[in-house]
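What follows is work_11.tsv (TSV, C-alpha atoms).
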chain	number	residue	atom	x	y	z
R	1	MET	CA	6.21	18.30	52.57
R	2	ALA	CA	5.44	15.65	49.92
R	3	ALA	CA	7.90	12.79	49.54
R	4	VAL	CA	10.11	12.80	46.43
R	5	THR	CA	9.75	9.62	44.37
R	6	GLN	CA	13.04	8.27	43.06
R	7	MET	CA	13.11	6.82	39.56
R	8	SER	CA	14.78	3.43	39.18
R	9	GLY	CA	17.37	2.75	36.52
R	10	SER	CA	14.80	0.84	34.48
R	11	ASP	CA	12.37	3.79	34.72
R	12	VAL	CA	15.06	6.16	33.44
R	13	ALA	CA	15.85	3.81	30.56
R	14	THR	CA	12.17	3.54	29.67
R	15	LEU	CA	11.73	7.32	29.73
R	16	ARG	CA	14.82	7.77	27.56
R	17	TRP	CA	13.45	5.24	25.08
R	18	ILE	CA	10.06	7.01	24.96
R	19	ASN	CA	11.80	10.31	24.32
R	20	SER	CA	13.87	8.81	21.53
R	21	ARG	CA	10.68	7.56	19.82
R	22	ALA	CA	9.23	11.08	19.99
R	23	VAL	CA	12.32	12.45	18.25
R	24	LEU	CA	12.32	9.63	15.71
R	25	ARG	CA	8.65	10.22	14.95
R	26	GLU	CA	9.33	13.90	14.32
R	27	LEU	CA	12.22	13.19	11.96
R	28	HIS	CA	10.52	10.31	10.15
R	29	PHE	CA	7.17	11.95	9.47
R	30	ASN	CA	8.42	15.48	8.78
R	31	ASP	CA	9.07	17.00	5.35
R	32	GLY	CA	12.52	15.42	5.10
R	33	ASP	CA	14.46	18.57	5.86
R	34	PRO	CA	17.24	18.19	8.45
R	35	ARG	CA	16.59	19.61	11.91
R	36	SER	CA	18.89	21.14	14.47
R	37	VAL	CA	18.81	20.08	18.12
R	38	THR	CA	17.15	23.38	19.00
R	39	GLU	CA	14.46	22.91	16.37
R	40	LEU	CA	13.78	19.36	17.48
R	41	ALA	CA	13.59	20.35	21.14
R	42	ALA	CA	10.94	22.92	20.27
R	43	ARG	CA	8.98	20.51	18.08
R	44	VAL	CA	8.82	17.63	20.60
R	45	ALA	CA	8.70	19.82	23.73
R	46	LEU	CA	11.76	18.24	25.35
R	47	SER	CA	14.90	19.78	26.79
R	48	ARG	CA	17.99	20.15	24.63
R	49	PRO	CA	20.04	17.60	26.67
R	50	THR	CA	17.17	15.11	26.41
R	51	VAL	CA	17.00	15.54	22.63
R	52	GLU	CA	20.78	15.20	22.33
R	53	ALA	CA	20.66	11.92	24.28
R	54	ALA	CA	17.83	10.67	22.07
R	55	LEU	CA	19.76	11.58	18.91
R	56	ASN	CA	22.80	9.71	20.17
R	57	ASP	CA	20.65	6.62	20.74
R	58	LEU	CA	18.92	6.90	17.36
R	59	THR	CA	22.19	7.41	15.53
R	60	ALA	CA	23.58	4.30	17.18
R	61	GLU	CA	20.45	2.38	16.15
R	62	GLY	CA	20.95	3.53	12.57
R	63	TRP	CA	17.63	5.38	12.21
R	64	VAL	CA	19.08	8.90	12.27
R	65	GLU	CA	22.11	10.45	10.59
R	66	GLU	CA	23.97	13.67	11.30
R	67	ILE	CA	24.69	15.74	8.23
R	68	SER	CA	27.33	18.37	7.74
R	69	ALA	CA	25.97	21.87	8.05
R	70	ALA	CA	27.30	24.90	6.25
R	71	ALA	CA	28.10	27.87	8.45
R	72	ALA	CA	25.51	30.63	8.25
R	73	PRO	CA	26.84	33.82	6.63
R	74	HIS	CA	27.81	36.64	9.02
R	75	LYS	CA	27.64	34.28	12.01
R	76	ALA	CA	30.62	33.33	14.07
R	77	GLY	CA	31.11	30.01	15.80
R	78	ARG	CA	30.50	26.40	14.95
R	79	PRO	CA	27.47	25.72	12.72
R	80	ALA	CA	24.58	23.92	14.39
R	81	ARG	CA	24.55	20.17	14.06
R	82	ARG	CA	21.64	18.94	11.96
R	83	TYR	CA	19.97	15.56	11.83
R	84	ARG	CA	17.62	13.73	9.51
R	85	PHE	CA	15.92	10.38	9.28
R	86	ALA	CA	18.14	7.79	7.58
R	87	ALA	CA	15.75	6.91	4.77
R	88	LEU	CA	18.27	4.48	3.28
R	89	ALA	CA	18.73	2.53	6.50
R	90	GLY	CA	16.95	-0.16	4.52
R	91	VAL	CA	14.44	-0.59	1.73
R	92	VAL	CA	10.96	-2.01	1.40
R	93	VAL	CA	9.48	-3.84	-1.55
R	94	GLY	CA	5.93	-3.91	-2.86
R	95	ILE	CA	4.85	-6.50	-5.43
R	96	ASP	CA	1.68	-6.91	-7.48
R	97	VAL	CA	1.31	-10.25	-9.26
R	98	GLY	CA	-1.61	-11.77	-11.11
R	99	PRO	CA	-2.09	-14.39	-13.78
R	100	HIS	CA	-0.97	-12.01	-16.56
R	101	ASN	CA	1.07	-9.22	-14.96
R	102	ALA	CA	3.75	-8.57	-12.37
R	103	ALA	CA	5.00	-5.29	-10.92
R	104	VAL	CA	7.57	-4.33	-8.30
R	105	ILE	CA	8.32	-1.11	-6.45
R	106	VAL	CA	11.49	-0.72	-4.38
R	107	ALA	CA	11.25	2.20	-1.97
R	108	ASP	CA	13.28	3.78	0.79
R	109	LEU	CA	11.98	3.99	4.36
R	110	ARG	CA	10.09	7.18	3.62
R	111	GLY	CA	8.28	5.49	0.76
R	112	ASN	CA	10.18	7.29	-2.00
R	113	HIS	CA	10.43	5.06	-5.06
R	114	LEU	CA	13.95	3.95	-5.94
R	115	HIS	CA	12.79	1.79	-8.84
R	116	ALA	CA	9.45	0.69	-10.26
R	117	GLU	CA	8.88	-1.83	-13.03
R	118	ARG	CA	5.91	-3.64	-14.57
R	119	ARG	CA	5.82	-6.63	-16.92
R	120	SER	CA	2.67	-7.50	-18.84
R	121	ALA	CA	1.27	-10.16	-21.15
R	122	LEU	CA	2.71	-12.96	-19.01
R	123	ASP	CA	1.43	-16.47	-18.35
R	124	LEU	CA	1.70	-16.91	-14.58
R	125	GLU	CA	-1.12	-19.33	-13.89
R	126	THR	CA	1.18	-21.98	-12.43
R	127	GLY	CA	2.89	-21.47	-9.11
R	128	ASP	CA	6.32	-22.10	-10.61
R	129	ALA	CA	5.79	-19.49	-13.31
R	130	ALA	CA	4.61	-16.95	-10.74
R	131	TRP	CA	7.57	-17.68	-8.47
R	132	ASN	CA	10.08	-17.32	-11.29
R	133	ALA	CA	8.53	-14.03	-12.39
R	134	ILE	CA	8.48	-12.61	-8.85
R	135	HIS	CA	12.05	-13.60	-8.06
R	136	ASP	CA	13.45	-12.39	-11.38
R	137	LEU	CA	11.63	-9.08	-11.19
R	138	VAL	CA	12.66	-8.44	-7.57
R	139	MET	CA	16.32	-9.19	-8.25
R	140	HIS	CA	16.33	-7.04	-11.38
R	141	SER	CA	14.62	-4.17	-9.52
R	142	LEU	CA	17.07	-4.35	-6.61
R	143	ASP	CA	19.96	-4.16	-9.06
R	144	ALA	CA	18.37	-1.21	-10.86
R	145	ALA	CA	17.84	0.56	-7.51
R	146	GLY	CA	21.46	-0.04	-6.49
R	147	VAL	CA	20.65	-2.09	-3.40
R	148	ASP	CA	20.97	-5.74	-2.45
R	149	GLY	CA	18.71	-8.26	-0.80
R	150	ALA	CA	20.34	-7.82	2.61
R	151	GLN	CA	18.96	-4.27	2.75
R	152	ILE	CA	15.32	-5.36	2.40
R	153	ARG	CA	13.44	-4.97	5.68
R	154	ALA	CA	9.98	-5.97	4.43
R	155	ILE	CA	8.38	-7.41	1.29
R	156	THR	CA	4.64	-7.44	0.66
R	157	VAL	CA	3.02	-9.22	-2.27
R	158	GLY	CA	-0.47	-8.47	-3.55
R	159	VAL	CA	-2.30	-11.47	-5.05
R	160	PRO	CA	-5.82	-12.19	-6.40
R	161	ALA	CA	-6.63	-14.40	-3.43
R	162	ILE	CA	-7.98	-14.45	0.09
R	163	VAL	CA	-5.02	-14.17	2.44
R	164	ASP	CA	-5.15	-15.18	6.09
R	165	ALA	CA	-3.96	-13.23	9.13
R	166	ASP	CA	-0.51	-14.86	8.89
R	167	GLY	CA	0.04	-13.49	5.40
R	168	ASP	CA	-0.42	-16.82	3.60
R	169	ILE	CA	-2.68	-17.59	0.64
R	170	ALA	CA	-5.82	-19.24	1.99
R	171	LEU	CA	-8.11	-19.44	-1.04
R	172	THR	CA	-8.01	-18.48	-4.71
R	173	THR	CA	-10.20	-19.45	-7.63
R	174	VAL	CA	-8.22	-17.22	-10.02
R	175	VAL	CA	-4.86	-19.02	-9.75
R	176	PRO	CA	-5.48	-22.21	-7.71
R	177	ASP	CA	-2.03	-23.66	-8.43
R	178	TRP	CA	-0.47	-20.85	-6.41
R	179	LEU	CA	-2.02	-22.26	-3.26
R	180	GLU	CA	-0.33	-25.63	-3.73
R	181	SER	CA	3.06	-24.19	-4.70
R	182	HIS	CA	3.64	-22.41	-1.36
R	183	LEU	CA	4.65	-19.07	-2.88
R	184	PRO	CA	4.87	-17.22	0.47
R	185	GLN	CA	7.29	-19.76	1.95
R	186	ARG	CA	9.43	-19.80	-1.17
R	187	LEU	CA	9.82	-16.02	-0.97
R	188	ARG	CA	10.59	-16.20	2.75
R	189	ASN	CA	13.26	-18.79	2.06
R	190	ALA	CA	14.81	-16.54	-0.60
R	191	PHE	CA	14.88	-13.50	1.73
R	192	PRO	CA	15.18	-14.94	5.26
R	193	ALA	CA	16.25	-11.65	6.85
R	194	SER	CA	13.16	-9.80	5.59
R	195	ASN	CA	9.59	-9.78	6.81
R	196	VAL	CA	7.64	-11.34	3.94
R	197	SER	CA	3.86	-11.17	3.79
R	198	PHE	CA	1.17	-11.66	1.16
R	199	ASP	CA	-2.15	-9.83	1.05
R	200	ASN	CA	-5.23	-9.55	-1.11
R	201	ASP	CA	-4.70	-7.22	-4.08
R	202	ALA	CA	-7.91	-5.23	-3.57
R	203	LYS	CA	-7.15	-4.65	0.10
R	204	LEU	CA	-3.65	-3.43	-0.72
R	205	ALA	CA	-4.98	-1.11	-3.42
R	206	THR	CA	-7.44	0.24	-0.84
R	207	ARG	CA	-4.56	0.84	1.57
R	208	ALA	CA	-2.72	2.78	-1.13
R	209	GLU	CA	-5.81	4.85	-1.85
R	210	ALA	CA	-6.09	5.68	1.85
R	211	ALA	CA	-2.41	6.70	1.99
R	212	TRP	CA	-1.95	8.58	-1.28
R	213	GLY	CA	-5.19	8.65	-3.26
R	214	HIS	CA	-8.71	10.03	-3.06
R	215	ALA	CA	-9.57	8.11	0.13
R	216	VAL	CA	-7.04	10.04	2.23
R	217	GLY	CA	-8.81	11.08	5.42
R	218	ALA	CA	-12.01	9.17	4.57
R	219	ALA	CA	-13.45	7.34	7.57
R	220	ASP	CA	-15.59	5.07	5.39
R	221	ALA	CA	-14.82	4.27	1.76
R	222	ILE	CA	-14.94	1.58	-0.93
R	223	PHE	CA	-12.23	0.87	-3.46
R	224	LEU	CA	-13.58	-1.00	-6.48
R	225	LEU	CA	-10.85	-2.94	-8.27
R	226	ALA	CA	-12.35	-3.72	-11.68
R	227	GLY	CA	-10.13	-5.61	-14.08
R	228	HIS	CA	-9.81	-9.26	-15.14
R	229	ARG	CA	-11.90	-9.84	-12.04
R	230	ILE	CA	-13.87	-7.50	-9.79
R	231	ALA	CA	-13.10	-7.15	-6.09
R	232	ALA	CA	-13.56	-4.49	-3.47
R	233	GLY	CA	-11.70	-3.19	-0.47
R	234	LEU	CA	-13.57	-1.57	2.40
R	235	ILE	CA	-12.48	1.18	4.77
R	236	VAL	CA	-14.56	1.40	7.95
R	237	ASP	CA	-13.76	3.87	10.72
R	238	GLY	CA	-10.51	4.74	8.95
R	239	ARG	CA	-9.19	1.17	8.67
R	240	VAL	CA	-9.09	-1.33	5.84
R	241	ILE	CA	-11.15	-4.22	7.15
R	242	ARG	CA	-10.16	-7.83	6.56
R	243	GLY	CA	-12.93	-9.89	8.11
R	244	TYR	CA	-12.52	-13.05	10.17
R	245	HIS	CA	-11.03	-15.12	7.32
R	246	GLY	CA	-9.65	-12.23	5.27
R	247	GLY	CA	-12.61	-12.29	2.89
R	248	ALA	CA	-14.26	-8.92	3.64
R	249	GLY	CA	-15.43	-7.24	0.43
R	250	GLU	CA	-15.34	-10.42	-1.69
R	251	ILE	CA	-18.99	-10.04	-2.63
R	252	GLY	CA	-18.25	-11.24	-6.16
R	253	ALA	CA	-17.89	-14.77	-4.74
R	254	ASN	CA	-21.70	-14.83	-4.64
R	255	ALA	CA	-22.58	-16.01	-8.16
R	256	ARG	CA	-25.94	-14.26	-7.97
R	257	ILE	CA	-24.13	-10.92	-7.88
R	258	GLY	CA	-22.93	-11.69	-11.41
R	259	TRP	CA	-19.64	-9.84	-11.35
R	260	ASN	CA	-17.64	-12.57	-13.09
R	261	ASP	CA	-20.32	-12.96	-15.76
R	262	ALA	CA	-20.31	-9.20	-16.34
R	263	VAL	CA	-16.58	-9.24	-17.11
R	264	GLU	CA	-17.02	-12.14	-19.54
R	265	ARG	CA	-19.91	-10.37	-21.30
R	266	PHE	CA	-17.83	-7.21	-21.68
R	267	HIS	CA	-15.08	-9.23	-23.34
R	268	ARG	CA	-17.64	-10.69	-25.75
R	269	ARG	CA	-18.93	-7.20	-26.56
R	270	ALA	CA	-15.43	-6.23	-27.58
R	271	GLY	CA	-15.58	-8.86	-30.32
R	272	ASP	CA	-12.53	-8.64	-32.57
R	273	ARG	CA	-11.51	-5.43	-30.87
R	274	SER	CA	-9.17	-5.48	-27.89
R	275	VAL	CA	-10.64	-4.71	-24.48
R	276	ASP	CA	-8.04	-1.94	-24.00
R	277	SER	CA	-9.15	-0.33	-27.24
R	278	LEU	CA	-12.80	-0.45	-26.19
R	279	LEU	CA	-12.02	1.09	-22.79
R	280	THR	CA	-9.89	3.90	-24.21
R	281	GLY	CA	-12.60	4.48	-26.80
R	282	ALA	CA	-15.11	4.97	-23.99
R	283	ALA	CA	-12.77	7.45	-22.30
R	284	SER	CA	-12.69	9.52	-25.48
R	285	GLY	CA	-16.48	9.43	-25.84
R	286	GLU	CA	-16.84	6.90	-28.67
R	287	ALA	CA	-20.54	6.00	-28.73
R	288	HIS	CA	-20.27	2.20	-29.11
R	289	ALA	CA	-17.59	1.97	-26.43
R	290	VAL	CA	-19.53	4.18	-24.02
R	291	ALA	CA	-22.61	1.99	-24.53
R	292	ALA	CA	-20.58	-1.12	-23.69
R	293	VAL	CA	-19.20	0.50	-20.53
R	294	ASN	CA	-22.67	1.68	-19.51
R	295	ALA	CA	-24.01	-1.86	-19.87
R	296	PHE	CA	-21.14	-3.20	-17.78
R	297	ALA	CA	-21.84	-0.61	-15.07
R	298	GLU	CA	-25.51	-1.63	-14.98
R	299	GLU	CA	-24.54	-5.29	-14.60
R	300	ILE	CA	-22.24	-4.75	-11.60
R	301	ALA	CA	-24.33	-2.03	-9.94
R	302	GLY	CA	-26.32	-4.45	-7.76
R	303	GLY	CA	-23.26	-5.83	-6.01
R	304	LEU	CA	-21.69	-2.42	-5.57
R	305	ALA	CA	-24.93	-0.98	-4.20
R	306	THR	CA	-25.07	-3.82	-1.67
R	307	LEU	CA	-21.61	-2.85	-0.39
R	308	ILE	CA	-22.63	0.81	-0.28
R	309	LEU	CA	-25.71	-0.04	1.78
R	310	ALA	CA	-23.58	-2.20	4.09
R	311	ILE	CA	-21.05	0.45	5.13
R	312	ASP	CA	-22.53	3.80	3.98
R	313	PRO	CA	-19.25	5.15	2.55
R	314	GLN	CA	-18.26	8.74	2.00
R	315	ILE	CA	-16.58	7.89	-1.31
R	316	VAL	CA	-16.26	5.08	-3.85
R	317	VAL	CA	-12.93	5.09	-5.67
R	318	VAL	CA	-12.74	3.17	-8.94
R	319	GLY	CA	-9.48	1.56	-10.08
R	320	GLY	CA	-8.16	-1.42	-12.02
R	321	GLY	CA	-8.16	-2.04	-15.76
R	322	PHE	CA	-11.69	-0.72	-16.32
R	323	ALA	CA	-10.57	2.64	-14.94
R	324	ARG	CA	-9.04	3.18	-18.38
R	325	ALA	CA	-12.58	4.01	-19.48
R	326	GLY	CA	-12.19	7.14	-17.37
R	327	LEU	CA	-14.96	9.42	-16.20
R	328	PRO	CA	-17.64	7.86	-18.45
R	329	PHE	CA	-17.29	4.63	-16.44
R	330	VAL	CA	-17.35	6.42	-13.09
R	331	ARG	CA	-20.44	8.44	-14.06
R	332	ALA	CA	-22.15	5.31	-15.38
R	333	LEU	CA	-21.50	3.49	-12.09
R	334	GLU	CA	-22.84	6.38	-10.04
R	335	ALA	CA	-26.00	6.56	-12.15
R	336	ALA	CA	-26.48	2.79	-12.03
R	337	VAL	CA	-26.23	2.42	-8.24
R	338	SER	CA	-28.18	5.56	-7.32
R	339	PRO	CA	-31.66	3.97	-7.49
R	340	TYR	CA	-30.61	1.29	-5.00
R	341	CYS	CA	-28.95	3.46	-2.33
R	342	LEU	CA	-30.28	5.46	0.58
R	343	TYR	CA	-27.30	7.80	0.33
R	344	VAL	CA	-25.23	8.06	-2.84
R	345	PRO	CA	-21.54	8.52	-2.04
R	346	GLN	CA	-19.07	10.57	-4.03
R	347	PHE	CA	-17.57	8.63	-6.94
R	348	SER	CA	-13.99	9.18	-8.05
R	349	LEU	CA	-11.44	7.73	-10.45
R	350	SER	CA	-8.30	6.51	-8.69
R	351	PRO	CA	-5.25	8.71	-9.34
R	352	LEU	CA	-2.91	5.75	-8.71
R	353	GLY	CA	-3.51	3.92	-11.98
R	354	SER	CA	-2.00	0.49	-12.45
R	355	ASP	CA	0.42	1.02	-9.53
R	356	ALA	CA	-2.28	0.94	-6.84
R	357	VAL	CA	-1.68	-2.64	-5.65
R	358	ALA	CA	2.12	-2.38	-5.65
R	359	ARG	CA	1.93	0.97	-3.84
R	360	GLY	CA	-0.40	-0.55	-1.27
R	361	ALA	CA	2.15	-3.32	-0.79
R	362	VAL	CA	4.81	-0.66	-0.18
R	363	ALA	CA	2.50	0.98	2.37
R	364	ARG	CA	2.04	-2.29	4.22
R	365	SER	CA	5.80	-2.94	4.22
R	366	LEU	CA	6.43	0.56	5.59
R	367	ASP	CA	3.82	0.03	8.30
R	368	TYR	CA	5.63	-3.13	9.36
R	369	VAL	CA	9.00	-1.36	9.61
R	370	ARG	CA	7.50	1.56	11.50
R	371	THR	CA	5.70	-0.56	14.06
R	372	ALA	CA	7.80	-3.70	14.43
R	373	GLU	CA	11.30	-2.27	13.93
R	374	MET	CA	11.12	1.47	14.63
R	375	ALA	CA	8.45	1.04	17.32
R	376	LEU	CA	6.34	3.89	15.93
R	377	THR	CA	2.67	4.08	15.19
R	378	ALA	CA	1.16	5.67	12.08
R	379	ALA	CA	1.39	9.43	11.77

Starting from the file, lay out its structure as structure tokens.
Amino acid sequence: MAAVTQMSGSDVATLRWINSRAVLRELHFNDGDPRSVTELAARVALSRPTVEAALNDLTAEGWVEEISAAAAPHKAGRPARRYRFAALAGVVVGIDVGPHNAAVIVADLRGNHLHAERRSALDLETGDAAWNAIHDLVMHSLDAAGVDGAQIRAITVGVPAIVDADGDIALTTVVPDWLESHLPQRLRNAFPASNVSFDNDAKLATRAEAAWGHAVGAADAIFLLAGHRIAAGLIVDGRVIRGYHGGAGEIGANARIGWNDAVERFHRRAGDRSVDSLLTGAASGEAHAVAAVNAFAEEIAGGLATLILAIDPQIVVVGGGFARAGLPFVRALEAAVSPYCLYVPQFSLSPLGSDAVARGAVARSLDYVRTAEMALTAA
């Protein structure tokens, strides 16, 4: 007869913790509807007593809440207890800030937006101006969402810069004064109880596209962020890649690629007309505007084709300010890069609009809470 192995107290505690994470995962990543103990037991393949113990632990931790259940008609007895993930056990914040714009999204722990706000036509080229805009917008957004700073679990800020693995600005030619003004540390000092991290705007927009946009499920993809500057985020084997220094995708730094010059030439083509007007004119098929967009696509095609050849993506998603030119811009890009590529990927216009960077910042903040605080991995 085989010997029976006794579990130590620490083994029992570990097993109970593992079971509680299974229940938490089910409640966090489900459709948001409350679940009974019986339903949860069936979903996670654990016994009812085990699930009840896990729910007690999770309720004590603050991740799960029991809700009152109405008695089912024509059924006697006490209604089944039902539980759901406590989405308001905290909030996360996503911020997008550049030299001329700032945006904030406050979201619950499921990612549902509690408040979103964007401010444009700003002058944020100095570090002090950027800090003041970020702090004012965050505080105003928290007030509008009905929460306070103590409830923030994570804040992520998207910036036009290379950001290192520690979440600090390492290099920027767009807003160099930000590097000297220590923006990340100032935000950490303002919200000491929150995890505060900065990241490159294109990489965050790529993360948003992978979570909610046209790159969902794509193993290999490129997100082209074309606006006041041009940058790209790369997805390889299902992950947004950063590179050793955080500079992956920054092919525009090579002056021979000509991306910065292309943006300047497009502005000159607009002449007395606003760039926004020219882009929206292209979207509506206006001949002069379409010609200007086609020329711009030709000028940036070499750099984009180089990225396509480097990672062989399934899809290229186009976002940023130039996305206002709509499908004519996307079609022009596809036609311009095709002669240079072995395999031409699908091209698509981002559905996330101007919120892509801020939404990617929310996604990163949620990932932090899920892994570091809830001890879950991605769904």

Handout entry: Gap from atom CA of His228 of chain R to atom CA of Leu142 of chain R - Å, one decimal
Key =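 Answer for the atom CA of His228 of chain R to atom CA of Leu142 of chain R separation: 28.6 Å.
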
Problem - Nearest to Tyr83 of chain R, chosen from R:Leu114, R:Leu40, R:Val97, R:Ala287, with all atoms listed in the file counted in the distances - result: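 Closest candidate: R:Leu40.
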
Practice task
Counting only C-alpha atoms, figure out which residue out of R:Pro192, R:Ala22, R:Gly62, R:Glu298 gets nearest to Arg43 of chain R.
Solution key: R:Ala22

Practice task
Would you mind telling me which residue in R:Arg118, R:Arg207, R:Arg153, R:Arg324 lies nearest to Ala363 of chain R when using only C-alpha atoms?
Solution key: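 For Ala363 of chain R, the nearest of the given residues is R:Arg207.
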
Handout entry: Which residue of R:Gly98, R:Gly302, R:Pro313, R:Gly320 approaches Val337 of chain R most closely, using all atoms listed in the file
Key = R:Gly302

Hey, could you patch up segment 156-173 of chain R with N, CA, C and O atoms and hand it over as a PDB file, in the coordinates of the input?
ATOM      1  N   THR R 156       6.054  -7.097   0.672  1.00  0.00           N
ATOM      2  CA  THR R 156       4.640  -7.440   0.660  1.00  0.00           C
ATOM      3  C   THR R 156       4.222  -7.726  -0.769  1.00  0.00           C
ATOM      4  O   THR R 156       4.594  -7.000  -1.690  1.00  0.00           O
ATOM      5  N   VAL R 157       3.447  -8.798  -0.939  1.00  0.00           N
ATOM      6  CA  VAL R 157       3.020  -9.220  -2.270  1.00  0.00           C
ATOM      7  C   VAL R 157       1.496  -9.190  -2.337  1.00  0.00           C
ATOM      8  O   VAL R 157       0.818  -9.800  -1.501  1.00  0.00           O
ATOM      9  N   GLY R 158       0.966  -8.499  -3.318  1.00  0.00           N
ATOM     10  CA  GLY R 158      -0.470  -8.470  -3.550  1.00  0.00           C
ATOM     11  C   GLY R 158      -0.868  -9.533  -4.546  1.00  0.00           C
ATOM     12  O   GLY R 158      -0.279  -9.637  -5.632  1.00  0.00           O
ATOM     13  N   VAL R 159      -1.875 -10.347  -4.207  1.00  0.00           N
ATOM     14  CA  VAL R 159      -2.300 -11.470  -5.050  1.00  0.00           C
ATOM     15  C   VAL R 159      -3.827 -11.494  -5.158  1.00  0.00           C
ATOM     16  O   VAL R 159      -4.529 -11.016  -4.263  1.00  0.00           O
ATOM     17  N   PRO R 160      -4.356 -12.065  -6.251  1.00  0.00           N
ATOM     18  CA  PRO R 160      -5.820 -12.190  -6.400  1.00  0.00           C
ATOM     19  C   PRO R 160      -6.324 -13.393  -5.607  1.00  0.00           C
ATOM     20  O   PRO R 160      -6.714 -14.422  -6.170  1.00  0.00           O
ATOM     21  N   ALA R 161      -6.305 -13.260  -4.297  1.00  0.00           N
ATOM     22  CA  ALA R 161      -6.630 -14.400  -3.430  1.00  0.00           C
ATOM     23  C   ALA R 161      -7.060 -13.878  -2.070  1.00  0.00           C
ATOM     24  O   ALA R 161      -6.785 -12.727  -1.709  1.00  0.00           O
ATOM     25  N   ILE R 162      -7.721 -14.733  -1.316  1.00  0.00           N
ATOM     26  CA  ILE R 162      -7.980 -14.450   0.090  1.00  0.00           C
ATOM     27  C   ILE R 162      -6.734 -14.852   0.865  1.00  0.00           C
ATOM     28  O   ILE R 162      -6.216 -15.955   0.697  1.00  0.00           O
ATOM     29  N   VAL R 163      -6.254 -13.948   1.692  1.00  0.00           N
ATOM     30  CA  VAL R 163      -5.020 -14.170   2.440  1.00  0.00           C
ATOM     31  C   VAL R 163      -5.351 -14.132   3.928  1.00  0.00           C
ATOM     32  O   VAL R 163      -6.082 -13.251   4.390  1.00  0.00           O
ATOM     33  N   ASP R 164      -4.814 -15.097   4.674  1.00  0.00           N
ATOM     34  CA  ASP R 164      -5.150 -15.180   6.090  1.00  0.00           C
ATOM     35  C   ASP R 164      -4.342 -14.188   6.927  1.00  0.00           C
ATOM     36  O   ASP R 164      -3.505 -13.440   6.406  1.00  0.00           O
ATOM     37  N   ALA R 165      -4.593 -14.197   8.231  1.00  0.00           N
ATOM     38  CA  ALA R 165      -3.960 -13.230   9.130  1.00  0.00           C
ATOM     39  C   ALA R 165      -2.451 -13.420   9.223  1.00  0.00           C
ATOM     40  O   ALA R 165      -1.734 -12.507   9.644  1.00  0.00           O
ATOM     41  N   ASP R 166      -1.949 -14.593   8.855  1.00  0.00           N
ATOM     42  CA  ASP R 166      -0.510 -14.860   8.890  1.00  0.00           C
ATOM     43  C   ASP R 166       0.197 -14.458   7.602  1.00  0.00           C
ATOM     44  O   ASP R 166       1.405 -14.655   7.467  1.00  0.00           O
ATOM     45  N   GLY R 167      -0.572 -13.904   6.645  1.00  0.00           N
ATOM     46  CA  GLY R 167       0.040 -13.490   5.400  1.00  0.00           C
ATOM     47  C   GLY R 167       0.268 -14.619   4.420  1.00  0.00           C
ATOM     48  O   GLY R 167       1.151 -14.539   3.564  1.00  0.00           O
ATOM     49  N   ASP R 168      -0.526 -15.679   4.516  1.00  0.00           N
ATOM     50  CA  ASP R 168      -0.420 -16.820   3.600  1.00  0.00           C
ATOM     51  C   ASP R 168      -1.674 -16.920   2.745  1.00  0.00           C
ATOM     52  O   ASP R 168      -2.781 -16.566   3.191  1.00  0.00           O
ATOM     53  N   ILE R 169      -1.536 -17.416   1.528  1.00  0.00           N
ATOM     54  CA  ILE R 169      -2.680 -17.590   0.640  1.00  0.00           C
ATOM     55  C   ILE R 169      -3.600 -18.667   1.197  1.00  0.00           C
ATOM     56  O   ILE R 169      -3.183 -19.802   1.432  1.00  0.00           O
ATOM     57  N   ALA R 170      -4.857 -18.301   1.416  1.00  0.00           N
ATOM     58  CA  ALA R 170      -5.820 -19.240   1.990  1.00  0.00           C
ATOM     59  C   ALA R 170      -6.768 -19.812   0.940  1.00  0.00           C
ATOM     60  O   ALA R 170      -7.177 -20.969   1.032  1.00  0.00           O
ATOM     61  N   LEU R 171      -7.126 -18.996  -0.054  1.00  0.00           N
ATOM     62  CA  LEU R 171      -8.110 -19.440  -1.040  1.00  0.00           C
ATOM     63  C   LEU R 171      -7.978 -18.582  -2.287  1.00  0.00           C
ATOM     64  O   LEU R 171      -7.869 -17.366  -2.205  1.00  0.00           O
ATOM     65  N   THR R 172      -7.953 -19.215  -3.454  1.00  0.00           N
ATOM     66  CA  THR R 172      -8.010 -18.480  -4.710  1.00  0.00           C
ATOM     67  C   THR R 172      -8.638 -19.339  -5.784  1.00  0.00           C
ATOM     68  O   THR R 172      -8.268 -20.505  -5.963  1.00  0.00           O
ATOM     69  N   THR R 173      -9.612 -18.772  -6.475  1.00  0.00           N
ATOM     70  CA  THR R 173     -10.200 -19.450  -7.630  1.00  0.00           C
ATOM     71  C   THR R 173      -9.588 -18.924  -8.921  1.00  0.00           C
ATOM     72  O   THR R 173      -9.808 -19.501  -9.986  1.00  0.00           O
TER      73      THR R 173
END
